[in-house]
>>> print(open('structure_15.cif').read())   # mmCIF, C-alpha atoms and all ligand atoms
data_entry
loop_
_atom_site.label_atom_id
_atom_site.label_comp_id
_atom_site.auth_asym_id
_atom_site.auth_seq_id
_atom_site.Cartn_x
_atom_site.Cartn_y
_atom_site.Cartn_z
CA MET A 1 5.28 -55.09 -6.33
CA ALA A 2 3.45 -53.68 -9.23
CA TYR A 3 6.33 -54.15 -11.62
CA LYS A 4 8.93 -56.85 -11.99
CA ASP A 5 11.46 -54.42 -13.40
CA PRO A 6 13.13 -52.72 -10.35
CA ILE A 7 13.65 -49.45 -12.23
CA LYS A 8 10.01 -49.29 -13.23
CA GLU A 9 9.06 -50.26 -9.70
CA ARG A 10 11.14 -47.42 -8.23
CA GLU A 11 9.59 -44.99 -10.68
CA TYR A 12 6.12 -46.21 -9.70
CA GLN A 13 6.93 -45.78 -6.01
CA ARG A 14 8.25 -42.28 -6.60
CA VAL A 15 5.11 -41.21 -8.45
CA TYR A 16 2.93 -42.82 -5.81
CA GLN A 17 4.76 -41.10 -2.96
CA ARG A 18 4.66 -37.76 -4.68
CA LYS A 19 0.91 -38.16 -5.12
CA TRP A 20 0.48 -39.19 -1.47
CA ARG A 21 2.47 -36.18 -0.25
CA ALA A 22 0.43 -33.86 -2.47
CA GLU A 23 -2.80 -35.27 -1.08
CA ASN A 24 -1.61 -35.25 2.54
CA ARG A 25 0.07 -31.86 2.79
CA GLY A 26 -1.20 -31.36 6.36
CA LYS A 27 0.22 -34.67 7.58
CA VAL A 28 3.55 -34.01 5.92
CA SER A 29 3.91 -30.54 7.38
CA THR A 30 2.94 -31.72 10.91
CA TYR A 31 5.49 -34.47 10.60
CA TRP A 32 8.28 -32.07 9.64
CA LYS A 33 7.22 -29.58 12.29
CA ARG A 34 7.42 -32.28 14.95
CA PHE A 35 10.69 -33.47 13.54
CA ALA A 36 12.14 -29.93 13.67
CA GLU A 37 10.89 -29.46 17.25
CA GLY A 38 12.51 -32.70 18.33
CA HIS A 39 15.78 -31.68 16.71
CA ARG A 40 15.80 -28.02 17.69
CA GLU A 41 18.99 -28.07 19.67
CA TYR A 42 20.67 -30.30 17.14
CA ASN A 43 19.67 -28.15 14.18
CA LEU A 44 20.69 -24.94 15.90
CA ASN A 45 24.11 -26.33 16.73
CA ARG A 46 24.57 -27.58 13.21
CA ALA A 47 23.60 -24.21 11.74
CA ARG A 48 25.94 -22.41 14.16
CA GLU A 49 28.82 -24.66 13.24
CA TRP A 50 28.11 -24.27 9.55
CA ASN A 51 28.02 -20.48 9.93
CA LYS A 52 31.33 -20.51 11.78
CA ALA A 53 32.98 -22.65 9.13
CA ASN A 54 31.47 -20.72 6.19
CA ARG A 55 31.68 -17.08 7.22
CA ASP A 56 32.13 -15.80 3.67
CA LYS A 57 29.25 -17.80 2.28
CA ARG A 58 27.05 -16.70 5.15
CA TYR A 59 27.92 -13.07 4.52
CA THR A 60 27.29 -13.24 0.75
CA TYR A 61 24.05 -15.08 1.31
CA ASP A 62 22.80 -12.62 3.93
CA SER A 63 23.67 -9.52 1.97
CA LYS A 64 22.08 -10.96 -1.15
CA TYR A 65 18.96 -11.87 0.82
CA SER A 66 18.62 -8.44 2.37
CA LYS A 67 19.12 -6.77 -1.00
CA THR A 68 16.53 -8.82 -2.87
CA HIS A 69 14.09 -8.49 -0.01
CA ARG A 70 14.58 -4.77 0.26
CA GLU A 71 13.64 -4.59 -3.41
CA LYS A 72 10.65 -6.86 -2.81
CA ARG A 73 9.47 -4.84 0.17
CA ARG A 74 9.87 -1.64 -1.79
CA LEU A 75 7.88 -3.04 -4.71
CA GLY A 76 5.26 -4.36 -2.31
CA ALA A 77 4.81 -0.93 -0.77
CA HIS A 78 4.71 0.65 -4.20
CA ASN A 79 2.02 -1.73 -5.43
CA TRP A 80 0.03 -1.24 -2.27
CA TYR A 81 0.22 2.50 -2.80
CA LYS A 82 -1.00 2.15 -6.38
CA ARG A 83 -3.81 -0.23 -5.45
CA ARG A 84 -5.33 2.07 -2.79
CA SER A 85 -8.99 2.82 -3.33
CA ALA A 86 -10.17 6.32 -4.18
CA THR A 87 -11.80 6.51 -0.74
CA SER A 88 -8.60 5.75 1.10
CA ILE A 89 -6.74 8.33 -1.01
CA VAL A 90 -9.34 10.97 -0.17
CA LYS A 91 -9.20 10.05 3.51
CA GLN A 92 -5.45 10.40 3.47
CA THR A 93 -5.71 13.81 1.80
CA ILE A 94 -8.20 14.87 4.46
CA ARG A 95 -5.83 13.79 7.24
CA ARG A 96 -3.04 15.78 5.61
CA GLN A 97 -5.27 18.85 5.32
CA LYS A 98 -6.35 18.46 8.94
CA ARG A 99 -2.71 18.49 10.02
CA ARG A 100 -2.00 21.58 7.90
CA ALA A 101 -5.06 23.35 9.29
CA LEU A 102 -3.93 22.60 12.85
CA GLU A 103 -0.47 23.94 12.10
CA LYS A 104 -1.96 27.13 10.65
CA LYS A 105 -4.40 27.33 13.60
CA ALA A 106 -7.33 27.58 11.14
CA ILE A 107 -10.85 26.95 12.40
CA GLY A 108 -13.28 24.45 10.89
CA TYR A 109 -13.16 20.85 9.89
CA PHE A 110 -14.53 18.60 7.17
CA CYS A 111 -14.97 14.90 6.59
CA GLU A 112 -15.23 12.66 3.56
CA GLY A 113 -18.98 13.30 3.40
CA ASP A 114 -18.26 16.97 2.80
CA ILE A 115 -15.86 16.13 0.02
CA LYS A 116 -18.38 13.77 -1.58
CA MET A 117 -21.00 16.49 -1.46
CA LEU A 118 -18.59 18.97 -2.98
CA PHE A 119 -17.70 16.51 -5.71
CA ARG A 120 -21.39 16.18 -6.60
CA GLN A 121 -21.85 19.93 -6.41
CA GLN A 122 -18.99 20.44 -8.85
CA ALA A 123 -20.36 17.64 -11.03
CA GLY A 124 -16.99 15.89 -10.92
CA CYS A 125 -15.17 18.80 -12.53
CA CYS A 126 -12.30 21.00 -11.45
CA ALA A 127 -13.67 24.11 -9.72
CA TYR A 128 -11.49 26.45 -11.79
CA CYS A 129 -10.90 25.02 -15.26
CA LEU A 130 -14.00 22.75 -15.36
CA GLU A 131 -12.00 19.79 -16.65
CA PRO A 132 -13.37 16.47 -15.36
CA ILE A 133 -11.54 15.09 -12.32
CA ALA A 134 -11.74 11.52 -11.02
CA TYR A 135 -12.74 10.88 -7.42
CA GLY A 136 -9.53 10.52 -5.46
CA GLN A 137 -7.46 12.28 -8.13
CA PHE A 138 -8.32 15.84 -7.15
CA HIS A 139 -6.58 18.31 -4.90
CA ILE A 140 -8.48 19.90 -2.04
CA ASP A 141 -7.96 23.63 -2.35
CA HIS A 142 -8.75 26.33 0.20
CA VAL A 143 -10.41 29.12 -1.83
CA ILE A 144 -9.14 31.67 0.68
CA PRO A 145 -5.78 30.17 1.59
CA LEU A 146 -5.26 29.12 5.21
CA SER A 147 -2.23 31.38 5.31
CA LYS A 148 -4.47 34.34 4.41
CA GLY A 149 -6.94 33.61 7.20
CA GLY A 150 -9.19 31.19 5.30
CA THR A 151 -11.12 28.61 7.30
CA ASN A 152 -11.13 24.87 7.06
CA TRP A 153 -14.91 24.70 6.63
CA ARG A 154 -16.46 23.14 3.54
CA ARG A 155 -17.58 26.57 2.28
CA ASN A 156 -13.91 27.45 1.80
CA LEU A 157 -13.03 24.27 -0.07
CA ALA A 158 -12.81 23.58 -3.77
CA LEU A 159 -11.83 20.38 -5.53
CA THR A 160 -9.39 21.09 -8.29
CA CYS A 161 -7.15 19.38 -10.75
CA ALA A 162 -3.46 19.30 -9.87
CA THR A 163 -2.54 21.97 -12.43
CA CYS A 164 -5.03 24.54 -11.13
CA ASN A 165 -4.17 23.88 -7.50
CA LEU A 166 -0.46 24.19 -8.06
CA SER A 167 -0.72 27.32 -10.21
CA LYS A 168 -3.09 28.92 -7.69
CA GLY A 169 -0.88 28.23 -4.69
CA ASN A 170 -1.76 30.64 -1.91
CA LYS A 171 -3.01 33.39 -4.19
CA LEU A 172 -6.31 35.15 -3.63
CA GLY A 173 -8.93 36.16 -6.17
CA TYR A 174 -9.82 32.74 -7.60
CA THR A 175 -13.54 32.07 -7.81
CA PRO A 176 -14.79 28.49 -7.93
CA SER A 177 -17.30 27.65 -10.66
CA TRP A 178 -20.05 26.92 -8.17
CA VAL A 179 -20.05 30.40 -6.65
CA PHE A 180 -22.79 32.09 -8.66
CA PRO A 181 -23.39 35.81 -8.39
CA ALA A 182 -26.19 36.56 -5.96
ZN ZN B 201 -8.32 22.67 -13.12
#
>>> encode(input="structure_15.cif", output="structure tokens")
Amino acid sequence: MAYKDPIKEREYQRVYQRKWRAENRGKVSTYWKRFAEGHREYNLNRAREWNKANRDKRYTYDSKYSKTHREKRRLGAHNWYKRRSATSIVKQTIRRQKRRALEKKAIGYFCEGDIKMLFRQQAGCCAYCLEPIAYGQFHIDHVIPLSKGGTNWRRNLALTCATCNLSKGNKLGYTPSWVFPA
């Protein structure tokens, strides 16, 4: 006994135990794991009985849980999407373009290396309006649209800002900045 006063003594014990548990997390968790294993059947039965007796509570709890977790999952996915690196964004764009090219039965293919080269060639600017574009923020445009018989080779690609790409659409007659007259 460290203290003669029983209240102080209890307080001392409580602090001491809390400290011990904090320092021996592994031991504590193994203990509870073993305890739960030993009482599996018992715990399951108890939970089942509780659920039977408290249907309403169970229902409210479950629906609340699924709602909050749906929100959490959604936010998690959203944050993951925002945190993607420029490289992974570009790779995803390439995959999308590959799929489109296959659908349109266009010939040619390109990889991220091609896009990097193009980005350097365009000095990090939109091919049409020459505004700076960040790596991963550009659109990959087919100069001659796939629907007009353009290929999927690098020679037919231009990196553009969103505005230029969307206003161009599948129109012909756009000349990228890096095509100099011969
Ligand atoms: Zn532009």
>>> residues_around(input="structure_15.cif", residues="Gly113 in chain A", least_positions_apart="5", cutoff="12 Å", atoms="all atoms listed in the file", output="list in words")
Thr87, Val90, Lys91, Ile94, Leu118, Phe119, Arg120 and Arg154 of chain A
>>> residues_near_ligand(input="structure_15.cif", ligand="ligand ZN 201 (chain B)", cutoff="7 Å", atoms="only C-alpha atoms and all ligand atoms", output="list in words")
Cys126, Ala127, Tyr128, Cys129, Leu130, Glu131, Thr160, Cys161, Ala162, Thr163 and Cys164 of chain A
>>> residues_around(input="structure_15.cif", residues="range 137-147 of chain A", least_positions_apart="5", cutoff="8 Å", atoms="only C-alpha atoms", output="ChimeraX atom specification")
/A:86,93,101,104,106,126,152,156-162,165,170-172,174-176
>>> residues_around(input="structure_15.cif", residues="Arg95 in chain A", least_positions_apart="3", cutoff="12 Å", atoms="all atoms listed in the file", output="list in words")
Ser88, Ile89, Val90, Lys91, Gln92, Lys98, Arg99, Arg100, Ala101, Leu102, Tyr109, Phe110, Cys111, Glu112 and Ile140 of chain A
>>> closest_residue(input="structure_15.cif", among="A:Asn54, A:Ser167, A:Gln122, A:Thr30", to="Tyr135 in chain A", atoms="all atoms listed in the file")
A:Gln122
>>> atom_distance(input="structure_15.cif", atom1="CA of Thr151 in chain A", atom2="CA of Ile107 in chain A")
5.4 Å
>>> atom_distance(input="structure_15.cif", atom1="CA of Lys57 in chain A", atom2="CA of His39 in chain A")
24.1 Å
>>> atom_distance(input="structure_15.cif", atom1="CA of Gly136 in chain A", atom2="CA of Gly169 in chain A")
19.7 Å
>>> closest_residue(input="structure_15.cif", among="A:Arg46, A:Lys4, A:Arg155, A:Arg18", to="Gln121 in chain A", atoms="all atoms listed in the file")
A:Arg155
